[in-house]
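In what follows, a single structure is set out as structure tokens and then discussed.
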Amino acid sequence: MGSSLSTLNNEQLKSISLTTENTPKIIQEFRNADTNKTGLTLDQFKTFFRASIQECDDATLQSIFDSFDSDKNNLFSFKEFSSCIFLLTKTDTNRKLEFLFETFDDDNSGYLSTEELKNVIEVMNTTIRIIGGQDINDRIDSLIASMERSGPENGISKTEWVSKASADQALLSAFN
Ligand SMILES: [Ca+2]
Ligand SMILES: [Ca+2]
């Protein structure tokens with residue numbers, strides 16, 4: 001499968017402790033650090049990680065950066081960071097799905113528009129690719145179509161999102 005996580009070993013992963021309590025604060029601090037919204041360079045990422053998450057050696061931070069820089073442009077984008085956060089946070093799958101929803105409901109409407117949903121699915125797809133799971137690229141359109149449009153302007157509610165996503169084995173593989 002060619003998992004890019006091969007550079008990041010289990011010991012390194014276990015050494016990072018992210019919990020749901022500190023995730024919203026970390027996300028906000030990433031947004032503050034990513035001033036021009038193009039992503040963080042390796043040096044900026046190291047500074048951010050140490051200040052906002054925890055002290056960590058250079059080799060581990062380099063591995064995290066390389067593993068999650070999925071488009072290999074040497075910038076750690078917000079979506080790539082979200083993928084990292086959702087993979088490393090230690091909590092149950094439904095809570096992670098709720099977090100994804102909350103993070104990408106940009107206008108705080110309580111519903112995901114098609115554009116917002118595409119961003120969420122992209123993050124999940126990246127995560128799946130990083131851990132060497134089955135790519136969902138060919139199913140993204142049908143997955144989006146399968147989500148019932150119930151809210152304003154046919155948005156998807158959080159309940160709908162969590163129930164549909166948690167019923168999808170390929171999506172779930174990103175979080176197990
Ligand atoms: Ca990148
Ligand atoms: Ca929304």
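Residues are referred to by chain and number: the chain letter is A, B, ... according to the order shown in the structure tokens, the number counts from 1 in that chain, and ligands are numbered separately from 1 in the order shown.
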
Open item on the list: 6 Å from ligand 2 is the threshold here; counting only C-alpha atoms and all ligand atoms, which polymer residues fall inside it? Answer as a count of residues only.
Closed with: 9

Could the residues of chain A that have an atom at most 7 Å from ligand 1 be listed as a Markdown table, each with its closest atom pair and the distance in Å to one decimal, counting only C-alpha atoms and all ligand atoms and ordered by chain and ascending residue number?
```
| residue | atom | partner | partner_atom_place_in_ligand_line | distance |
| --- | --- | --- | --- | --- |
| A:Asp69 | CA | ligand 1 | 1 (Ca) | 4.2 |
| A:Ser70 | CA | ligand 1 | 1 (Ca) | 5.7 |
| A:Asp71 | CA | ligand 1 | 1 (Ca) | 4.8 |
| A:Lys72 | CA | ligand 1 | 1 (Ca) | 5.3 |
| A:Asn73 | CA | ligand 1 | 1 (Ca) | 4.8 |
| A:Asn74 | CA | ligand 1 | 1 (Ca) | 5.6 |
| A:Leu75 | CA | ligand 1 | 1 (Ca) | 4.3 |
| A:Phe76 | CA | ligand 1 | 1 (Ca) | 4.7 |
| A:Ser77 | CA | ligand 1 | 1 (Ca) | 5.3 |
| A:Glu80 | CA | ligand 1 | 1 (Ca) | 6.6 |
```

Task: Per-residue DSSP, chain A, filtered to strand (DSSP E or B), as a VMD selection string - done: chain A and resid 18 40 76 89 111 to 112 156 to 157

TODO: Go through A:Asp66, A:Glu122, A:Glu102, A:Asp43 one by one, measure the shortest atom-to-atom distance of each to Asp141 of chain A using only C-alpha atoms, and give the residue with the smallest value.
DONE: A:Glu122

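Proximity to Ser17 of chain A at 8 Å, evaluated using only C-alpha atoms and with sequence-adjacent residues fewer than 3 positions away removed, yields Lys14, Leu88, Thr89 and Lys90 of chain A.
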
Produce a file of the selected residues containing N, CA and C atoms, as an mmCIF file, in the first residue's frame.
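Okay, out10.cif is ready:
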```cif
data_model
loop_
_atom_site.group_PDB
_atom_site.id
_atom_site.type_symbol
_atom_site.label_atom_id
_atom_site.label_comp_id
_atom_site.auth_asym_id
_atom_site.auth_seq_id
_atom_site.Cartn_x
_atom_site.Cartn_y
_atom_site.Cartn_z
ATOM 1 N N LYS A 14 2.990 7.341 19.748
ATOM 2 C CA LYS A 14 2.509 7.196 21.131
ATOM 3 C C LYS A 14 3.024 8.314 22.035
ATOM 4 N N LEU A 88 -4.072 11.788 15.396
ATOM 5 C CA LEU A 88 -3.303 11.684 16.642
ATOM 6 C C LEU A 88 -4.108 11.922 17.917
ATOM 7 N N THR A 89 -5.284 12.542 17.796
ATOM 8 C CA THR A 89 -6.066 12.790 19.005
ATOM 9 C C THR A 89 -6.619 11.482 19.550
ATOM 10 N N LYS A 90 -6.475 11.323 20.850
ATOM 11 C CA LYS A 90 -6.920 10.068 21.457
ATOM 12 C C LYS A 90 -8.343 10.221 21.989
#
```

- [ ] From the DSSP assignment of the backbone, select every residue of segment 24-99 of chain A that is helix (DSSP H, G or I), and format the answer as a PyMOL selection string.
- [x] chain A and resi 24-33+42-52+58-68+78-88+93-99

Task: For atom CA of Asn32 of chain A and atom CA of Lys46 of chain A, the interatomic separation in Å (one decimal) - done: 14.7 Å

Using only C-alpha atoms, tabulate the residues of segment 70-98 of chain A lying at most 9 Å from any atom of segment 124-136 of chain A, each with its closest atom pair and that distance in Å to one decimal, by chain and increasing residue number, as a Markdown table.
```
| residue | atom | partner | partner_atom | distance |
| --- | --- | --- | --- | --- |
| A:Ser70 | CA | A:Thr126 | CA | 7.0 |
| A:Lys79 | CA | A:Thr126 | CA | 8.8 |
| A:Glu80 | CA | A:Thr126 | CA | 7.6 |
| A:Ser83 | CA | A:Thr127 | CA | 5.4 |
| A:Cys84 | CA | A:Thr127 | CA | 7.5 |
| A:Phe86 | CA | A:Thr127 | CA | 8.3 |
| A:Leu87 | CA | A:Thr127 | CA | 7.2 |
```

Export of the given selection (C-alpha atoms) as a PDB file, in the first residue's frame:
```pdb
ATOM      1  CA  SER A  70       0.499  14.937   1.508  1.00  0.00           C
ATOM      2  CA  LYS A  79      -6.211  20.550   5.906  1.00  0.00           C
ATOM      3  CA  GLU A  80      -3.017  18.521   6.305  1.00  0.00           C
ATOM      4  CA  SER A  83      -5.616  15.194   9.145  1.00  0.00           C
ATOM      5  CA  CYS A  84      -2.719  15.045  11.623  1.00  0.00           C
ATOM      6  CA  PHE A  86      -7.657  13.780  13.830  1.00  0.00           C
ATOM      7  CA  LEU A  87      -5.281  10.864  13.499  1.00  0.00           C
TER       8      LEU A  87
END
```

Task: Residue nearest Leu100 of chain A among A:Ile27, A:Asn137, A:Asp57, A:Ala145 (counting only C-alpha atoms) - done: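 With only C-alpha atoms as the atom set, the closest residue is A:Ile27.
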
- [ ] Give me, please, the distance in Å between atom CA of Ile16 of chain A and atom CA of Asn36 of chain A, quoted to one decimal.
- [x]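 Atom CA of Ile16 of chain A sits 27.1 Å away from atom CA of Asn36 of chain A.
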